[in-house]
Amino acid sequence: DLVAAVPYVLGFHPRDSVVLLTFGAGEAPHARVDLPAGEDAQREVVELLAEVVERHRVERVALLLYTADPWLAASFHDAALPVFVGQGVGVVDVLRVGDERVHSAGDPDDPGTAYDLTSHPFTAEQVIEGVVVESSRDALAATLQCADEDDALAVTAAAEKCEAGFDGLPAVLTVQGLCESLADHGRWVQRT
């Protein structure tokens with residue numbers, strides 16, 4: 001379930017990454033960072049994630065390490081686990097996620113368990129809801145870039161037209177009128 005949840009939490013399928021999933025009451029932030037190779041860099045990432053966990057008063061975490069290297073995952077596991085446990089944070093699991101198998105990150109010899117995200121109920125639910133998950137972080141970033149020049153010009157023209165509609169209006173009227181208009185539109189959408 002953890003492996004199936006990650007792409008929908010992040011919006012893409014991670015590679016060579018540390019993914020932090022958090023659980024508990026209140027705000028539950030999630031994070032993804034590149035999986036570092038060296039011990040010093042691993043400690044820095046662990047400290048960064050531990051700071052996020054502490055700041056948000058997270059009760060429980062799961063760490064998913066996306067790598068084919070079992071020894072790299074084991075060394076990160078060994079660096080992270082005592083830090084989170086020392087903070088009083090419950091650690092649901094620390095997993096190494098390969099292309100087709102998920103392993104215990106603390107055991108480099110763990111043969112792992114096969115998984116298939118295409119048939120997982122979380123995947124089906126997201127497809128039904130129309131949630132798009134990109135194949136990689138780069139693919140997700142590409143969706144934020146306007147590659148079509150005509151589209152970019154159309155967006156710019158629309159923004160300028162919208163901005164021109166406020167020219168000459170006092171700030172109070174603009175804010176109040178905008179709020180009233182948005183509220184009216186929102187009520188119409190709800191009714192419709």
# chains A, B, ... in the order shown; residues from 1 in each chain; ligands from 1

call {"tool": "select_by_dssp", "arguments": {"residues": "chain A", "states": "strand (DSSP E or B)", "output": "ChimeraX atom specification"}}
result
/A:12,17-23,31-34,60-66,90-97,101-104,113-114,134

call {"tool": "residues_around", "arguments": {"residues": "Ser75 (chain A)", "least_positions_apart": "3", "cutoff": "9 Å", "atoms": "only C-alpha atoms", "output": "PyMOL selection string"}}
result
chain A and resi 37+39+42+70-72+78-80+105-106

call {"tool": "write_last_selection", "arguments": {"atoms": "all heavy atoms", "output": "short mmCIF file (atom, residue, chain, number, x, y, z; two decimals), in the first residue's frame"}}
result
data_model
loop_
_atom_site.label_atom_id
_atom_site.label_comp_id
_atom_site.auth_asym_id
_atom_site.auth_seq_id
_atom_site.Cartn_x
_atom_site.Cartn_y
_atom_site.Cartn_z
N ALA A 37 24.51 9.11 -1.74
CA ALA A 37 25.36 7.92 -1.66
C ALA A 37 26.31 7.94 -0.46
O ALA A 37 26.50 6.93 0.20
CB ALA A 37 26.16 7.77 -2.95
N GLU A 39 28.01 8.84 3.30
CA GLU A 39 27.51 8.86 4.67
C GLU A 39 27.19 10.27 5.15
O GLU A 39 26.16 10.49 5.80
CB GLU A 39 28.52 8.21 5.62
CG GLU A 39 28.60 6.71 5.48
CD GLU A 39 29.60 6.10 6.45
OE1 GLU A 39 29.80 6.67 7.55
OE2 GLU A 39 30.19 5.07 6.10
N GLN A 42 24.07 11.43 3.51
CA GLN A 42 22.92 10.71 4.08
C GLN A 42 22.51 11.33 5.41
O GLN A 42 21.32 11.54 5.67
CB GLN A 42 23.24 9.23 4.25
CG GLN A 42 23.28 8.47 2.95
CD GLN A 42 23.55 6.99 3.15
OE1 GLN A 42 23.82 6.52 4.25
NE2 GLN A 42 23.47 6.25 2.06
N PRO A 70 21.06 -2.51 -2.68
CA PRO A 70 20.63 -2.89 -1.33
C PRO A 70 21.53 -2.35 -0.23
O PRO A 70 21.07 -2.06 0.87
CB PRO A 70 20.65 -4.42 -1.36
CG PRO A 70 21.53 -4.80 -2.49
CD PRO A 70 21.47 -3.67 -3.47
N TRP A 71 22.82 -2.17 -0.51
CA TRP A 71 23.74 -1.68 0.51
C TRP A 71 23.55 -0.18 0.75
O TRP A 71 23.66 0.30 1.88
CB TRP A 71 25.18 -2.02 0.14
CG TRP A 71 25.38 -3.50 0.18
CD1 TRP A 71 25.40 -4.35 -0.89
CD2 TRP A 71 25.50 -4.31 1.35
NE1 TRP A 71 25.53 -5.64 -0.47
CE2 TRP A 71 25.61 -5.65 0.91
CE3 TRP A 71 25.52 -4.04 2.70
CZ2 TRP A 71 25.74 -6.71 1.79
CZ3 TRP A 71 25.66 -5.10 3.59
CH2 TRP A 71 25.77 -6.41 3.14
N LEU A 72 23.24 0.55 -0.29
CA LEU A 72 22.94 1.97 -0.15
C LEU A 72 21.68 2.16 0.70
O LEU A 72 21.64 2.98 1.61
CB LEU A 72 22.77 2.62 -1.52
CG LEU A 72 22.40 4.10 -1.55
CD1 LEU A 72 23.45 4.94 -0.85
CD2 LEU A 72 22.22 4.56 -2.99
N ASP A 78 20.15 2.57 8.34
CA ASP A 78 20.89 2.61 9.60
C ASP A 78 21.14 4.04 10.09
O ASP A 78 21.24 4.27 11.29
CB ASP A 78 22.22 1.87 9.45
CG ASP A 78 22.03 0.37 9.24
OD1 ASP A 78 20.89 -0.13 9.44
OD2 ASP A 78 23.00 -0.30 8.86
N ALA A 79 21.21 4.98 9.17
CA ALA A 79 21.39 6.38 9.56
C ALA A 79 20.07 7.00 10.03
O ALA A 79 20.05 7.82 10.95
CB ALA A 79 21.95 7.18 8.39
N ALA A 80 18.97 6.62 9.40
CA ALA A 80 17.68 7.27 9.66
C ALA A 80 16.92 6.70 10.85
O ALA A 80 16.35 7.46 11.64
CB ALA A 80 16.81 7.18 8.41
N ALA A 105 14.54 -2.42 3.85
CA ALA A 105 15.75 -1.64 3.57
C ALA A 105 16.90 -2.00 4.50
O ALA A 105 18.06 -1.87 4.14
CB ALA A 105 15.45 -0.15 3.69
N GLY A 106 16.59 -2.48 5.70
CA GLY A 106 17.63 -2.81 6.66
C GLY A 106 18.34 -4.12 6.41
O GLY A 106 19.33 -4.43 7.05
#

call {"tool": "atom_distance", "arguments": {"atom1": "CA of His30 (chain A)", "atom2": "CA of Ala114 (chain A)"}}
result
24.5 Å

call {"tool": "residues_around", "arguments": {"residues": "region 86-98 of chain A", "least_positions_apart": "2", "cutoff": "6 Å", "atoms": "only C-alpha atoms", "output": "ChimeraX atom specification"}}
result
/A:59-68,82-84,100-105

call {"tool": "residues_around", "arguments": {"residues": "region 53-58 of chain A", "least_positions_apart": "2", "cutoff": "8 Å", "atoms": "only C-alpha atoms", "output": "PyMOL selection string"}}
result
chain A and resi 22-25+27-29+49-51+60-61+87+89

call {"tool": "residues_around", "arguments": {"residues": "Leu117 (chain A)", "least_positions_apart": "3", "cutoff": "10 Å", "atoms": "only C-alpha atoms", "output": "PyMOL selection string"}}
result
chain A and resi 1+3-5+7+100+120-124

call {"tool": "write_last_selection", "arguments": {"atoms": "all heavy atoms", "output": "PDB file, in the first residue's frame"}}
result
ATOM      1  N   ASP A   1       0.823  -1.201   0.000  1.00  0.00           N
ATOM      2  CA  ASP A   1       0.000   0.000   0.000  1.00  0.00           C
ATOM      3  C   ASP A   1       0.867   1.264   0.000  1.00  0.00           C
ATOM      4  O   ASP A   1       0.540   2.240  -0.659  1.00  0.00           O
ATOM      5  CB  ASP A   1      -0.942   0.000   1.198  1.00  0.00           C
ATOM      6  CG  ASP A   1      -2.068  -1.034   1.071  1.00  0.00           C
ATOM      7  OD1 ASP A   1      -2.221  -1.644  -0.016  1.00  0.00           O
ATOM      8  OD2 ASP A   1      -2.785  -1.233   2.069  1.00  0.00           O
ATOM      9  N   VAL A   3       3.899   1.645  -1.237  1.00  0.00           N
ATOM     10  CA  VAL A   3       4.502   1.802  -2.563  1.00  0.00           C
ATOM     11  C   VAL A   3       3.460   2.319  -3.554  1.00  0.00           C
ATOM     12  O   VAL A   3       3.755   3.177  -4.391  1.00  0.00           O
ATOM     13  CB  VAL A   3       5.115   0.473  -3.053  1.00  0.00           C
ATOM     14  CG1 VAL A   3       5.643   0.598  -4.469  1.00  0.00           C
ATOM     15  CG2 VAL A   3       6.228   0.025  -2.113  1.00  0.00           C
ATOM     16  N   ALA A   4       2.224   1.853  -3.439  1.00  0.00           N
ATOM     17  CA  ALA A   4       1.169   2.287  -4.350  1.00  0.00           C
ATOM     18  C   ALA A   4       0.735   3.723  -4.080  1.00  0.00           C
ATOM     19  O   ALA A   4       0.304   4.423  -5.001  1.00  0.00           O
ATOM     20  CB  ALA A   4      -0.033   1.355  -4.232  1.00  0.00           C
ATOM     21  N   ALA A   5       0.855   4.181  -2.852  1.00  0.00           N
ATOM     22  CA  ALA A   5       0.429   5.542  -2.511  1.00  0.00           C
ATOM     23  C   ALA A   5       1.410   6.605  -3.007  1.00  0.00           C
ATOM     24  O   ALA A   5       0.999   7.715  -3.356  1.00  0.00           O
ATOM     25  CB  ALA A   5       0.258   5.664  -1.002  1.00  0.00           C
ATOM     26  N   PRO A   7       3.248   7.364  -5.793  1.00  0.00           N
ATOM     27  CA  PRO A   7       3.094   8.115  -7.043  1.00  0.00           C
ATOM     28  C   PRO A   7       1.955   9.127  -6.990  1.00  0.00           C
ATOM     29  O   PRO A   7       2.032  10.188  -7.613  1.00  0.00           O
ATOM     30  CB  PRO A   7       2.810   7.032  -8.090  1.00  0.00           C
ATOM     31  CG  PRO A   7       3.338   5.773  -7.492  1.00  0.00           C
ATOM     32  CD  PRO A   7       3.182   5.915  -6.013  1.00  0.00           C
ATOM     33  N   GLU A 100      10.495  -4.008  -9.546  1.00  0.00           N
ATOM     34  CA  GLU A 100       9.405  -4.989  -9.478  1.00  0.00           C
ATOM     35  C   GLU A 100       9.232  -5.601  -8.100  1.00  0.00           C
ATOM     36  O   GLU A 100       8.311  -6.370  -7.874  1.00  0.00           O
ATOM     37  CB  GLU A 100       9.655  -6.105 -10.496  1.00  0.00           C
ATOM     38  CG  GLU A 100       9.666  -5.605 -11.937  1.00  0.00           C
ATOM     39  CD  GLU A 100      10.043  -6.696 -12.921  1.00  0.00           C
ATOM     40  OE1 GLU A 100      10.306  -7.847 -12.498  1.00  0.00           O
ATOM     41  OE2 GLU A 100      10.072  -6.403 -14.124  1.00  0.00           O
ATOM     42  N   HIS A 120      -3.298  -2.437  -8.382  1.00  0.00           N
ATOM     43  CA  HIS A 120      -3.549  -2.061  -6.988  1.00  0.00           C
ATOM     44  C   HIS A 120      -4.824  -1.211  -6.886  1.00  0.00           C
ATOM     45  O   HIS A 120      -5.080  -0.370  -7.751  1.00  0.00           O
ATOM     46  CB  HIS A 120      -2.351  -1.298  -6.424  1.00  0.00           C
ATOM     47  CG  HIS A 120      -2.387  -1.183  -4.938  1.00  0.00           C
ATOM     48  ND1 HIS A 120      -3.168  -0.271  -4.292  1.00  0.00           N
ATOM     49  CD2 HIS A 120      -1.765  -1.906  -3.976  1.00  0.00           C
ATOM     50  CE1 HIS A 120      -3.025  -0.410  -2.991  1.00  0.00           C
ATOM     51  NE2 HIS A 120      -2.177  -1.397  -2.771  1.00  0.00           N
ATOM     52  N   PRO A 121      -5.626  -1.399  -5.837  1.00  0.00           N
ATOM     53  CA  PRO A 121      -6.853  -0.601  -5.673  1.00  0.00           C
ATOM     54  C   PRO A 121      -6.599   0.913  -5.616  1.00  0.00           C
ATOM     55  O   PRO A 121      -7.423   1.686  -6.099  1.00  0.00           O
ATOM     56  CB  PRO A 121      -7.439  -1.098  -4.348  1.00  0.00           C
ATOM     57  CG  PRO A 121      -6.863  -2.460  -4.147  1.00  0.00           C
ATOM     58  CD  PRO A 121      -5.522  -2.450  -4.818  1.00  0.00           C
ATOM     59  N   PHE A 122      -5.479   1.342  -5.043  1.00  0.00           N
ATOM     60  CA  PHE A 122      -5.175   2.781  -5.006  1.00  0.00           C
ATOM     61  C   PHE A 122      -5.036   3.323  -6.422  1.00  0.00           C
ATOM     62  O   PHE A 122      -5.499   4.419  -6.731  1.00  0.00           O
ATOM     63  CB  PHE A 122      -3.875   3.057  -4.248  1.00  0.00           C
ATOM     64  CG  PHE A 122      -3.948   2.865  -2.761  1.00  0.00           C
ATOM     65  CD1 PHE A 122      -2.813   3.001  -1.992  1.00  0.00           C
ATOM     66  CD2 PHE A 122      -5.131   2.556  -2.117  1.00  0.00           C
ATOM     67  CE1 PHE A 122      -2.851   2.838  -0.611  1.00  0.00           C
ATOM     68  CE2 PHE A 122      -5.192   2.385  -0.746  1.00  0.00           C
ATOM     69  CZ  PHE A 122      -4.045   2.527   0.005  1.00  0.00           C
ATOM     70  N   THR A 123      -4.376   2.552  -7.289  1.00  0.00           N
ATOM     71  CA  THR A 123      -4.193   2.976  -8.673  1.00  0.00           C
ATOM     72  C   THR A 123      -5.537   3.089  -9.367  1.00  0.00           C
ATOM     73  O   THR A 123      -5.812   4.083 -10.047  1.00  0.00           O
ATOM     74  CB  THR A 123      -3.280   1.991  -9.424  1.00  0.00           C
ATOM     75  OG1 THR A 123      -2.040   1.871  -8.718  1.00  0.00           O
ATOM     76  CG2 THR A 123      -3.017   2.449 -10.839  1.00  0.00           C
ATOM     77  N   ALA A 124      -6.374   2.081  -9.193  1.00  0.00           N
ATOM     78  CA  ALA A 124      -7.699   2.097  -9.818  1.00  0.00           C
ATOM     79  C   ALA A 124      -8.510   3.299  -9.339  1.00  0.00           C
ATOM     80  O   ALA A 124      -9.153   3.985 -10.140  1.00  0.00           O
ATOM     81  CB  ALA A 124      -8.433   0.799  -9.508  1.00  0.00           C
TER      82      ALA A 124
END

call {"tool": "residues_around", "arguments": {"residues": "Ser135 (chain A)", "least_positions_apart": "2", "cutoff": "8 Å", "atoms": "only C-alpha atoms", "output": "list in words"}}
result
Phe12, His13, Val133, Arg137, Ala139 and Leu140 of chain A

call {"tool": "select_by_dssp", "arguments": {"residues": "chain A", "states": "helix (DSSP H, G or I)", "output": "PyMOL selection string"}}
result
chain A and resi 2-10+39-55+70-86+117-119+121-128+137-142+149-164+171-191

call {"tool": "closest_residue", "arguments": {"among": "A:Pro14, A:His185, A:Asp69, A:Val19", "to": "Val45 (chain A)", "atoms": "only C-alpha atoms"}}
result
A:Val19
